[in-house]
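Everything below concerns the one structure shown next.
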2 protein chains.
Amino acid sequence: MSSERSGAGDPARTLELLWREQTAVPRRGPGRGRNLDEVVAAATALADRDGLRAVTMRQIAQTLNVATMTLYTYVPGKAELLDLMLDTAYAQMPRAVTVGQPWRLRLTAVAEENWVLFEAHPWVADISTLRPPLGPGLMAKYEHELSALDGFGLDDVAIDDALTYLLSFVQASARAAGNARVAARDSAMNDEQWWAAHAPLLARVLDQRTYPLAARVGAAAGSAHGSAHDPDYAYRFGLQRVLDGLAVLVDDR
Amino acid sequence: MSSERSGAGDPARTLELLWREQTAVPRRGPGRGRNLDEVVAAATALADRDGLRAVTMRQIAQTLNVATMTLYTYVPGKAELLDLMLDTAYAQMPRAVTVGQPWRLRLTAVAEENWVLFEAHPWVADISTLRPPLGPGLMAKYEHELSALDGFGLDDVAIDDALTYLLSFVQASARAAGNARVAARDSAMNDEQWWAAHAPLLARVLDQRTYPLAARVGAAAGSAHGSAHDPDYAYRFGLQRVLDGLAVLVDDR
DNA sequence: TCGTACGTTGTACATTATACAACGTACGAT
DNA sequence: ATCGTACGTTGTATAATGTACAACGTACGA
């Protein structure tokens, strides 16, 4: 429950794993049945299919045909595993080359690449990355996305602010979209059905004289999109607003 | 783990509780030691102090001096309790009257009211409200916020889109700010210390030739704010971008 | 050939939400 | 006034979770 976050493990141990720094390769004992990449891949496959909730050490172990505690010889704990999953997902993102194109196109491409990331790995949108996994995947992603904002008259601090703003928007949108899917699956009710289930009961208690705007706008919004909120539409609408908002900062000549 | 969401309980039962519809008041049996408001208040106090993770049926029961299962006579389950907590928090929000003021001021006031809500109740920012608690608190909030957008040339659908966009931004910002606080408490490391703990290790693996922009911009952003990201600054920066983005839609005469 | 380093694993523990049944209170009918 | 019963309260039980701990067995180095 509550939100998951990256960067919760031991910093030193996490960095070692992220950059695959082999410190003191063991010489004795039985050979290892699996490797780190297999563990990360198994955990990611579980998360992709059934969400972060389904990623349990027992489940990961079961799909790898090892005992639960065996995982702890590959990874210090679940927190570090999460960072590895994240950085790997970042590393695998497609990165379109948009050099020379107008800034709106370049930023749209960055937004789209992240939107695709969240579609492939919805669980990534649920993670707070205030303390990101400082591995090769994140560094490549950061470098690539900064390049899309470089050369338009923004200073370094403004570039970082603008990128944070854009990515935060995409993540929030993707989180809403992912939650809509999960809610539909878990409750065997899609959003339309959920709102329909409330309509008759709500009509009884909701006084239109007390809430005239809510009744009018709510009805308009509800019939415009299928249900009360359409996450995909909200993303497309919002992305234009984000670009319009950043346009003020950009030197467009 | 993973994200919490509202609207997960039984719709009919939830609406009854939200609007305090007393169906069939019991005539027999012992008197009730507590009441619904006390349960909601106890759960909210726990969430305010220690986050949503700390809100367990056992903890709520303990602060109320009743057995755990007693709670289930006041509330069908935890999902419905969450909706009650949310709607109550909405109901208690301050709502400034801004009739006649310019649209930027009116929208800023709406953003601020929500920012204050998330400061008082950080757990609210962790909840996906795609299926919101359709109680008196949410309705009053929605009506109030729509009024701040009415009369500026936007049609009903655009009003709802713009409000969703604004609120989604404030929630995402508040979530980041709340996570920064929680991470600092849980790990006994504030963000600055966390980045400091990574710096020496990171310097060893991070090749500045491979990631020139990341090194340059990351350093600039890091020294501009205290740590790599300052959530409060990101909110103030982002709010201006949100307003600039919405300005395109508004009839400003 | 054998000691020991180390990968593997089963068990154990403190958590969680909540189903279920036993218990006891106090109202309504007689 | 008495008693049945409706209903609030509560202890126990269950299936999960992450991971600490100790036993086990493998295979390398001397």
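Letters A, B, ... mark the chains of the structure tokens in the order given; residue numbers begin at 1 per chain; ligand numbers begin at 1, in order shown.
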
Exercise. Can you tell me, as number ranges by chain, what residues are no more than 7 Å from range 208-215 of chain B when counting only C-alpha atoms (C1' of nucleotides), ignoring any on the same chain fewer than 5 positions away?
Worked result: A: 142-143, 146

Cα-based least-squares overlay of chain A on chain B, as a PDB file with C-alpha atoms, in the first residue's frame:
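As written to disk, superposed25.pdb reads:
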ATOM      1  CA  MET A   1       2.859  -1.442  -1.927  1.00  0.00           C
ATOM      2  CA  SER A   2       1.950  -0.057  -5.299  1.00  0.00           C
ATOM      3  CA  SER A   3      -0.583   2.730  -5.376  1.00  0.00           C
ATOM      4  CA  GLU A   4      -3.766   3.118  -3.373  1.00  0.00           C
ATOM      5  CA  ARG A   5      -6.966   4.180  -5.035  1.00  0.00           C
ATOM      6  CA  SER A   6     -10.373   5.494  -4.049  1.00  0.00           C
ATOM      7  CA  GLY A   7     -13.667   4.052  -5.176  1.00  0.00           C
ATOM      8  CA  ALA A   8     -12.620   0.445  -4.589  1.00  0.00           C
ATOM      9  CA  GLY A   9     -15.430  -0.452  -2.209  1.00  0.00           C
ATOM     10  CA  ASP A  10     -19.026  -1.390  -2.784  1.00  0.00           C
ATOM     11  CA  PRO A  11     -20.649   1.582  -4.603  1.00  0.00           C
ATOM     12  CA  ALA A  12     -24.052   1.389  -2.927  1.00  0.00           C
ATOM     13  CA  ARG A  13     -22.677   0.935   0.591  1.00  0.00           C
ATOM     14  CA  THR A  14     -20.076   3.659   0.041  1.00  0.00           C
ATOM     15  CA  LEU A  15     -22.627   6.237  -1.136  1.00  0.00           C
ATOM     16  CA  GLU A  16     -24.877   5.460   1.822  1.00  0.00           C
ATOM     17  CA  LEU A  17     -22.012   6.132   4.213  1.00  0.00           C
ATOM     18  CA  LEU A  18     -20.767   9.229   2.389  1.00  0.00           C
ATOM     19  CA  TRP A  19     -24.164  10.897   2.496  1.00  0.00           C
ATOM     20  CA  ARG A  20     -24.887   9.475   5.951  1.00  0.00           C
ATOM     21  CA  GLU A  21     -28.064   7.776   4.839  1.00  0.00           C
ATOM     22  CA  GLN A  22     -29.348   5.851   7.826  1.00  0.00           C
ATOM     23  CA  THR A  23     -31.072   2.788   6.447  1.00  0.00           C
ATOM     24  CA  ALA A  24     -32.854   0.727   9.103  1.00  0.00           C
ATOM     25  CA  VAL A  25     -31.649   2.077  12.440  1.00  0.00           C
ATOM     26  CA  PRO A  26     -31.133  -0.915  14.764  1.00  0.00           C
ATOM     27  CA  ARG A  27     -33.483  -1.111  17.782  1.00  0.00           C
ATOM     28  CA  ARG A  28     -32.003  -3.984  19.761  1.00  0.00           C
ATOM     29  CA  GLY A  29     -28.602  -4.864  21.141  1.00  0.00           C
ATOM     30  CA  PRO A  30     -26.026  -2.892  23.143  1.00  0.00           C
ATOM     31  CA  GLY A  31     -25.376   0.777  22.405  1.00  0.00           C
ATOM     32  CA  ARG A  32     -22.557   1.721  20.075  1.00  0.00           C
ATOM     33  CA  GLY A  33     -19.399   2.855  21.848  1.00  0.00           C
ATOM     34  CA  ARG A  34     -18.140   4.991  18.950  1.00  0.00           C
ATOM     35  CA  ASN A  35     -19.512   6.567  15.797  1.00  0.00           C
ATOM     36  CA  LEU A  36     -18.503   6.807  12.159  1.00  0.00           C
ATOM     37  CA  ASP A  37     -16.944  10.254  12.453  1.00  0.00           C
ATOM     38  CA  GLU A  38     -14.669   9.098  15.266  1.00  0.00           C
ATOM     39  CA  VAL A  39     -13.467   6.180  13.174  1.00  0.00           C
ATOM     40  CA  VAL A  40     -12.762   8.424  10.189  1.00  0.00           C
ATOM     41  CA  ALA A  41     -11.023  11.002  12.393  1.00  0.00           C
ATOM     42  CA  ALA A  42      -8.821   8.381  14.043  1.00  0.00           C
ATOM     43  CA  ALA A  43      -7.808   6.913  10.706  1.00  0.00           C
ATOM     44  CA  THR A  44      -7.101  10.374   9.305  1.00  0.00           C
ATOM     45  CA  ALA A  45      -4.987  11.330  12.313  1.00  0.00           C
ATOM     46  CA  LEU A  46      -2.900   8.199  11.807  1.00  0.00           C
ATOM     47  CA  ALA A  47      -2.488   8.901   8.102  1.00  0.00           C
ATOM     48  CA  ASP A  48      -1.556  12.538   8.717  1.00  0.00           C
ATOM     49  CA  ARG A  49       1.131  11.632  11.227  1.00  0.00           C
ATOM     50  CA  ASP A  50       2.640   8.466   9.749  1.00  0.00           C
ATOM     51  CA  GLY A  51       1.331   8.065   6.205  1.00  0.00           C
ATOM     52  CA  LEU A  52      -1.131   5.672   4.608  1.00  0.00           C
ATOM     53  CA  ARG A  53       1.081   2.685   5.458  1.00  0.00           C
ATOM     54  CA  ALA A  54       0.460   3.300   9.145  1.00  0.00           C
ATOM     55  CA  VAL A  55      -3.322   3.191   8.699  1.00  0.00           C
ATOM     56  CA  THR A  56      -4.090  -0.381   9.725  1.00  0.00           C
ATOM     57  CA  MET A  57      -7.341  -1.609  11.145  1.00  0.00           C
ATOM     58  CA  ARG A  58      -5.445  -2.730  14.259  1.00  0.00           C
ATOM     59  CA  GLN A  59      -3.922   0.721  14.784  1.00  0.00           C
ATOM     60  CA  ILE A  60      -7.191   2.555  14.259  1.00  0.00           C
ATOM     61  CA  ALA A  61      -8.903   0.227  16.723  1.00  0.00           C
ATOM     62  CA  GLN A  62      -6.152   0.697  19.275  1.00  0.00           C
ATOM     63  CA  THR A  63      -6.387   4.494  19.245  1.00  0.00           C
ATOM     64  CA  LEU A  64     -10.159   4.160  19.732  1.00  0.00           C
ATOM     65  CA  ASN A  65      -9.772   1.578  22.520  1.00  0.00           C
ATOM     66  CA  VAL A  66     -11.869  -1.039  20.787  1.00  0.00           C
ATOM     67  CA  ALA A  67     -11.091  -4.435  19.314  1.00  0.00           C
ATOM     68  CA  THR A  68     -10.027  -4.572  15.683  1.00  0.00           C
ATOM     69  CA  MET A  69     -13.153  -6.288  14.445  1.00  0.00           C
ATOM     70  CA  THR A  70     -15.387  -3.713  16.090  1.00  0.00           C
ATOM     71  CA  LEU A  71     -14.464  -1.322  13.291  1.00  0.00           C
ATOM     72  CA  TYR A  72     -16.302  -3.550  10.860  1.00  0.00           C
ATOM     73  CA  THR A  73     -19.604  -2.637  12.484  1.00  0.00           C
ATOM     74  CA  TYR A  74     -19.026   0.996  11.503  1.00  0.00           C
ATOM     75  CA  VAL A  75     -17.501   0.450   8.096  1.00  0.00           C
ATOM     76  CA  PRO A  76     -17.800  -2.453   5.623  1.00  0.00           C
ATOM     77  CA  GLY A  77     -14.034  -2.541   5.045  1.00  0.00           C
ATOM     78  CA  LYS A  78     -10.903  -0.536   4.581  1.00  0.00           C
ATOM     79  CA  ALA A  79     -11.713   0.518   1.008  1.00  0.00           C
ATOM     80  CA  GLU A  80     -14.893   2.296   2.070  1.00  0.00           C
ATOM     81  CA  LEU A  81     -13.090   3.885   5.021  1.00  0.00           C
ATOM     82  CA  LEU A  82     -10.556   5.386   2.611  1.00  0.00           C
ATOM     83  CA  ASP A  83     -13.344   7.017   0.605  1.00  0.00           C
ATOM     84  CA  LEU A  84     -14.796   8.474   3.789  1.00  0.00           C
ATOM     85  CA  MET A  85     -11.407   9.860   4.824  1.00  0.00           C
ATOM     86  CA  LEU A  86     -10.972  11.480   1.419  1.00  0.00           C
ATOM     87  CA  ASP A  87     -14.404  13.048   1.226  1.00  0.00           C
ATOM     88  CA  THR A  88     -14.044  14.403   4.752  1.00  0.00           C
ATOM     89  CA  ALA A  89     -10.695  15.956   3.875  1.00  0.00           C
ATOM     90  CA  TYR A  90     -12.282  17.575   0.817  1.00  0.00           C
ATOM     91  CA  ALA A  91     -15.168  18.882   2.894  1.00  0.00           C
ATOM     92  CA  GLN A  92     -12.772  20.594   5.312  1.00  0.00           C
ATOM     93  CA  MET A  93     -10.786  22.484   2.654  1.00  0.00           C
ATOM     94  CA  PRO A  94     -10.830  26.280   2.831  1.00  0.00           C
ATOM     95  CA  ARG A  95     -12.479  27.834  -0.230  1.00  0.00           C
ATOM     96  CA  ALA A  96     -11.554  31.413  -0.992  1.00  0.00           C
ATOM     97  CA  VAL A  97     -14.107  33.581  -2.759  1.00  0.00           C
ATOM     98  CA  THR A  98     -12.412  35.075  -5.831  1.00  0.00           C
ATOM     99  CA  VAL A  99     -15.378  36.230  -7.889  1.00  0.00           C
ATOM    100  CA  GLY A 100     -14.495  39.103 -10.212  1.00  0.00           C
ATOM    101  CA  GLN A 101     -10.745  38.564  -9.996  1.00  0.00           C
ATOM    102  CA  PRO A 102      -8.528  37.821 -13.042  1.00  0.00           C
ATOM    103  CA  TRP A 103      -8.435  34.204 -14.105  1.00  0.00           C
ATOM    104  CA  ARG A 104      -4.773  33.691 -13.211  1.00  0.00           C
ATOM    105  CA  LEU A 105      -5.447  34.766  -9.643  1.00  0.00           C
ATOM    106  CA  ARG A 106      -8.535  32.584  -9.421  1.00  0.00           C
ATOM    107  CA  LEU A 107      -6.698  29.507 -10.689  1.00  0.00           C
ATOM    108  CA  THR A 108      -3.728  30.228  -8.456  1.00  0.00           C
ATOM    109  CA  ALA A 109      -6.094  30.274  -5.498  1.00  0.00           C
ATOM    110  CA  VAL A 110      -7.521  26.887  -6.489  1.00  0.00           C
ATOM    111  CA  ALA A 111      -4.010  25.462  -6.833  1.00  0.00           C
ATOM    112  CA  GLU A 112      -3.017  26.899  -3.460  1.00  0.00           C
ATOM    113  CA  GLU A 113      -6.063  25.439  -1.711  1.00  0.00           C
ATOM    114  CA  ASN A 114      -5.159  22.006  -3.045  1.00  0.00           C
ATOM    115  CA  TRP A 115      -1.497  22.464  -2.165  1.00  0.00           C
ATOM    116  CA  VAL A 116      -2.578  23.265   1.400  1.00  0.00           C
ATOM    117  CA  LEU A 117      -4.804  20.170   1.405  1.00  0.00           C
ATOM    118  CA  PHE A 118      -1.824  18.016   0.482  1.00  0.00           C
ATOM    119  CA  GLU A 119       0.313  19.692   3.137  1.00  0.00           C
ATOM    120  CA  ALA A 120      -2.276  18.973   5.815  1.00  0.00           C
ATOM    121  CA  HIS A 121      -2.977  15.448   4.511  1.00  0.00           C
ATOM    122  CA  PRO A 122       0.029  14.217   2.506  1.00  0.00           C
ATOM    123  CA  TRP A 123      -1.554  10.782   2.089  1.00  0.00           C
ATOM    124  CA  VAL A 124      -4.226  12.299  -0.178  1.00  0.00           C
ATOM    125  CA  ALA A 125      -1.552  12.846  -2.834  1.00  0.00           C
ATOM    126  CA  ASP A 126      -0.791   9.116  -2.865  1.00  0.00           C
ATOM    127  CA  ILE A 127      -4.324   8.155  -3.818  1.00  0.00           C
ATOM    128  CA  SER A 128      -5.521   7.733  -7.364  1.00  0.00           C
ATOM    129  CA  THR A 129      -8.886   9.478  -7.568  1.00  0.00           C
ATOM    130  CA  LEU A 130      -9.948   8.279 -10.991  1.00  0.00           C
ATOM    131  CA  ARG A 131     -13.002   6.907  -9.178  1.00  0.00           C
ATOM    132  CA  PRO A 132     -13.508   9.681  -6.635  1.00  0.00           C
ATOM    133  CA  PRO A 133     -15.621   9.470  -3.473  1.00  0.00           C
ATOM    134  CA  LEU A 134     -18.879  10.978  -4.714  1.00  0.00           C
ATOM    135  CA  GLY A 135     -19.791  12.491  -1.380  1.00  0.00           C
ATOM    136  CA  PRO A 136     -20.719  15.993  -0.199  1.00  0.00           C
ATOM    137  CA  GLY A 137     -17.057  16.937   0.263  1.00  0.00           C
ATOM    138  CA  LEU A 138     -16.045  16.190  -3.295  1.00  0.00           C
ATOM    139  CA  MET A 139     -19.180  17.786  -4.719  1.00  0.00           C
ATOM    140  CA  ALA A 140     -18.568  21.025  -2.810  1.00  0.00           C
ATOM    141  CA  LYS A 141     -14.932  21.041  -3.917  1.00  0.00           C
ATOM    142  CA  TYR A 142     -15.822  20.375  -7.553  1.00  0.00           C
ATOM    143  CA  GLU A 143     -18.530  23.040  -7.598  1.00  0.00           C
ATOM    144  CA  HIS A 144     -16.190  25.591  -6.051  1.00  0.00           C
ATOM    145  CA  GLU A 145     -13.313  24.866  -8.421  1.00  0.00           C
ATOM    146  CA  LEU A 146     -15.516  24.922 -11.501  1.00  0.00           C
ATOM    147  CA  SER A 147     -16.769  28.362 -10.518  1.00  0.00           C
ATOM    148  CA  ALA A 148     -13.200  29.661 -10.659  1.00  0.00           C
ATOM    149  CA  LEU A 149     -13.018  28.621 -14.325  1.00  0.00           C
ATOM    150  CA  ASP A 150     -16.488  29.731 -15.361  1.00  0.00           C
ATOM    151  CA  GLY A 151     -16.947  32.849 -17.459  1.00  0.00           C
ATOM    152  CA  PHE A 152     -13.648  32.953 -19.308  1.00  0.00           C
ATOM    153  CA  GLY A 153     -14.856  31.702 -22.680  1.00  0.00           C
ATOM    154  CA  LEU A 154     -14.194  28.008 -22.112  1.00  0.00           C
ATOM    155  CA  ASP A 155     -16.971  25.567 -22.945  1.00  0.00           C
ATOM    156  CA  ASP A 156     -18.040  23.012 -20.349  1.00  0.00           C
ATOM    157  CA  VAL A 157     -15.795  20.238 -21.620  1.00  0.00           C
ATOM    158  CA  ALA A 158     -12.774  22.557 -21.767  1.00  0.00           C
ATOM    159  CA  ILE A 159     -13.493  23.762 -18.231  1.00  0.00           C
ATOM    160  CA  ASP A 160     -13.386  20.190 -16.964  1.00  0.00           C
ATOM    161  CA  ASP A 161     -10.254  19.412 -18.980  1.00  0.00           C
ATOM    162  CA  ALA A 162      -8.484  22.494 -17.660  1.00  0.00           C
ATOM    163  CA  LEU A 163      -9.437  21.763 -14.059  1.00  0.00           C
ATOM    164  CA  THR A 164      -8.305  18.138 -14.351  1.00  0.00           C
ATOM    165  CA  TYR A 165      -5.028  19.350 -15.818  1.00  0.00           C
ATOM    166  CA  LEU A 166      -4.444  21.863 -13.018  1.00  0.00           C
ATOM    167  CA  LEU A 167      -5.356  19.462 -10.203  1.00  0.00           C
ATOM    168  CA  SER A 168      -3.301  16.663 -11.663  1.00  0.00           C
ATOM    169  CA  PHE A 169      -0.290  18.963 -11.687  1.00  0.00           C
ATOM    170  CA  VAL A 170      -0.751  19.986  -8.072  1.00  0.00           C
ATOM    171  CA  GLN A 171      -1.224  16.383  -6.972  1.00  0.00           C
ATOM    172  CA  ALA A 172       1.908  15.206  -8.779  1.00  0.00           C
ATOM    173  CA  SER A 173       3.918  18.044  -7.247  1.00  0.00           C
ATOM    174  CA  ALA A 174       2.567  17.320  -3.779  1.00  0.00           C
ATOM    175  CA  ARG A 175       3.306  13.629  -4.178  1.00  0.00           C
ATOM    176  CA  ALA A 176       6.923  14.442  -4.938  1.00  0.00           C
ATOM    177  CA  ALA A 177       7.142  16.806  -1.984  1.00  0.00           C
ATOM    178  CA  GLY A 178       5.561  14.264   0.351  1.00  0.00           C
ATOM    179  CA  ASN A 179       7.806  11.491  -0.867  1.00  0.00           C
ATOM    180  CA  ALA A 180      10.847  13.639  -0.215  1.00  0.00           C
ATOM    181  CA  ARG A 181       9.746  14.066   3.394  1.00  0.00           C
ATOM    182  CA  VAL A 182       8.950  10.371   3.855  1.00  0.00           C
ATOM    183  CA  ALA A 183      12.206   9.272   2.262  1.00  0.00           C
ATOM    184  CA  ALA A 184      14.136  11.593   4.553  1.00  0.00           C
ATOM    185  CA  ARG A 185      12.371  10.181   7.619  1.00  0.00           C
ATOM    186  CA  ASP A 186      12.490   6.503   6.683  1.00  0.00           C
ATOM    187  CA  SER A 187      16.108   6.380   5.622  1.00  0.00           C
ATOM    188  CA  ALA A 188      17.467   8.851   8.183  1.00  0.00           C
ATOM    189  CA  MET A 189      19.014  10.613   5.173  1.00  0.00           C
ATOM    190  CA  ASN A 190      17.711  13.764   3.575  1.00  0.00           C
ATOM    191  CA  ASP A 191      17.997  14.158  -0.182  1.00  0.00           C
ATOM    192  CA  GLU A 192      21.179  16.152   0.075  1.00  0.00           C
ATOM    193  CA  GLN A 193      22.834  13.423   2.137  1.00  0.00           C
ATOM    194  CA  TRP A 194      21.570  10.748  -0.238  1.00  0.00           C
ATOM    195  CA  TRP A 195      23.123  12.483  -3.226  1.00  0.00           C
ATOM    196  CA  ALA A 196      26.298  13.076  -1.244  1.00  0.00           C
ATOM    197  CA  ALA A 197      26.479   9.363  -0.443  1.00  0.00           C
ATOM    198  CA  HIS A 198      26.408   8.590  -4.159  1.00  0.00           C
ATOM    199  CA  ALA A 199      28.796  11.282  -5.401  1.00  0.00           C
ATOM    200  CA  PRO A 200      32.126   9.500  -4.813  1.00  0.00           C
ATOM    201  CA  LEU A 201      30.913   6.132  -6.117  1.00  0.00           C
ATOM    202  CA  LEU A 202      29.198   7.752  -9.079  1.00  0.00           C
ATOM    203  CA  ALA A 203      32.301   9.725 -10.006  1.00  0.00           C
ATOM    204  CA  ARG A 204      34.171   6.445 -10.446  1.00  0.00           C
ATOM    205  CA  VAL A 205      31.709   4.907 -12.943  1.00  0.00           C
ATOM    206  CA  LEU A 206      30.277   7.969 -14.665  1.00  0.00           C
ATOM    207  CA  ASP A 207      32.352   8.856 -17.694  1.00  0.00           C
ATOM    208  CA  GLN A 208      31.966  12.558 -18.451  1.00  0.00           C
ATOM    209  CA  ARG A 209      32.826  11.959 -22.098  1.00  0.00           C
ATOM    210  CA  THR A 210      29.910   9.545 -22.472  1.00  0.00           C
ATOM    211  CA  TYR A 211      27.435  11.810 -20.655  1.00  0.00           C
ATOM    212  CA  PRO A 212      28.606  15.411 -21.203  1.00  0.00           C
ATOM    213  CA  LEU A 213      25.183  17.074 -20.955  1.00  0.00           C
ATOM    214  CA  ALA A 214      24.132  15.024 -17.948  1.00  0.00           C
ATOM    215  CA  ALA A 215      27.293  15.969 -16.103  1.00  0.00           C
ATOM    216  CA  ARG A 216      27.004  19.672 -16.982  1.00  0.00           C
ATOM    217  CA  VAL A 217      23.265  20.135 -16.400  1.00  0.00           C
ATOM    218  CA  GLY A 218      23.137  17.796 -13.431  1.00  0.00           C
ATOM    219  CA  ALA A 219      25.845  19.803 -11.691  1.00  0.00           C
ATOM    220  CA  ALA A 220      24.120  23.113 -12.460  1.00  0.00           C
ATOM    221  CA  ALA A 221      20.732  21.895 -11.249  1.00  0.00           C
ATOM    222  CA  GLY A 222      22.260  20.274  -8.182  1.00  0.00           C
ATOM    223  CA  SER A 223      23.972  23.438  -7.027  1.00  0.00           C
ATOM    224  CA  ALA A 224      21.038  25.723  -7.947  1.00  0.00           C
ATOM    225  CA  HIS A 225      18.635  23.922  -5.623  1.00  0.00           C
ATOM    226  CA  GLY A 226      19.998  22.194  -2.541  1.00  0.00           C
ATOM    227  CA  SER A 227      19.825  18.667  -3.930  1.00  0.00           C
ATOM    228  CA  ALA A 228      19.086  17.444  -7.451  1.00  0.00           C
ATOM    229  CA  HIS A 229      15.388  18.250  -7.228  1.00  0.00           C
ATOM    230  CA  ASP A 230      13.575  20.694  -4.984  1.00  0.00           C
ATOM    231  CA  PRO A 231       9.859  19.755  -4.937  1.00  0.00           C
ATOM    232  CA  ASP A 232       8.709  23.137  -3.644  1.00  0.00           C
ATOM    233  CA  TYR A 233      10.592  24.988  -6.359  1.00  0.00           C
ATOM    234  CA  ALA A 234       9.293  22.527  -8.964  1.00  0.00           C
ATOM    235  CA  TYR A 235       5.746  23.361  -7.841  1.00  0.00           C
ATOM    236  CA  ARG A 236       6.216  27.112  -8.137  1.00  0.00           C
ATOM    237  CA  PHE A 237       8.002  26.792 -11.475  1.00  0.00           C
ATOM    238  CA  GLY A 238       5.435  24.344 -12.803  1.00  0.00           C
ATOM    239  CA  LEU A 239       2.407  26.355 -11.720  1.00  0.00           C
ATOM    240  CA  GLN A 240       3.521  29.270 -13.915  1.00  0.00           C
ATOM    241  CA  ARG A 241       3.925  26.858 -16.845  1.00  0.00           C
ATOM    242  CA  VAL A 242       0.457  25.425 -16.222  1.00  0.00           C
ATOM    243  CA  LEU A 243      -1.075  28.895 -16.247  1.00  0.00           C
ATOM    244  CA  ASP A 244       0.879  29.892 -19.352  1.00  0.00           C
ATOM    245  CA  GLY A 245      -0.331  26.714 -21.020  1.00  0.00           C
ATOM    246  CA  LEU A 246      -3.961  27.397 -20.150  1.00  0.00           C
ATOM    247  CA  ALA A 247      -3.688  31.042 -21.214  1.00  0.00           C
ATOM    248  CA  VAL A 248      -3.995  29.916 -24.838  1.00  0.00           C
ATOM    249  CA  LEU A 249      -7.544  28.732 -24.144  1.00  0.00           C
ATOM    250  CA  VAL A 250      -8.733  31.689 -22.118  1.00  0.00           C
ATOM    251  CA  ASP A 251     -10.634  34.663 -23.448  1.00  0.00           C
ATOM    252  CA  ASP A 252      -8.806  37.414 -21.597  1.00  0.00           C
ATOM    253  CA  ARG A 253     -10.719  40.562 -22.584  1.00  0.00           C
TER     254      ARG A 253
END

Exercise. DSSP says alpha helix (DSSP H) for which residues of range 117-183 of chain A? Put them as a count of residues only?
Worked result: 46

Problem set entry | DT15 in chain C environment, 10 Å, only C-alpha atoms (C1' of nucleotides), sequence neighbours closer than 6 positions dropped, as a VMD selection string | chain D and resid 16 to 18

Can I get the residues of chain D within 9 Å of chain A, each with the closest pair of atoms and their distance in Å to one decimal, using only C-alpha atoms (C1' of nucleotides), sorted chain first then ascending number, as a tab-separated table?
residue	atom	partner	partner_atom	distance
D:DT17	C1'	A:Thr56	CA	7.8
D:DG18	C1'	A:Met57	CA	7.7
D:DT19	C1'	A:Met69	CA	8.2
D:DG25	C1'	A:Pro30	CA	8.8
D:DT26	C1'	A:Pro30	CA	4.8
D:DA27	C1'	A:Gly29	CA	5.4
D:DC28	C1'	A:Arg28	CA	4.9
D:DG29	C1'	A:Arg28	CA	8.5

Problem set entry | Proximal residues of chain C relative to chain A (only C-alpha atoms (C1' of nucleotides); 9 Å) as a list in words |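 Residues passing the distance filter: DT4, DA5, DC6, DG7, DT8 and DT9 of chain C.
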
Export, as a PDB file, in the first residue's frame, the selected residues with C-alpha atoms (C1' of nucleotides).
ATOM      1  C1'  DT C   4      36.149 -24.724   4.338  1.00  0.00           C
ATOM      2  C1'  DA C   5      33.927 -21.070   1.626  1.00  0.00           C
ATOM      3  C1'  DC C   6      29.714 -20.262  -0.092  1.00  0.00           C
ATOM      4  C1'  DG C   7      25.288 -21.248  -2.810  1.00  0.00           C
ATOM      5  C1'  DT C   8      20.884 -23.243  -1.569  1.00  0.00           C
ATOM      6  C1'  DT C   9      16.925 -24.075   1.141  1.00  0.00           C
TER       7       DT C   9
END
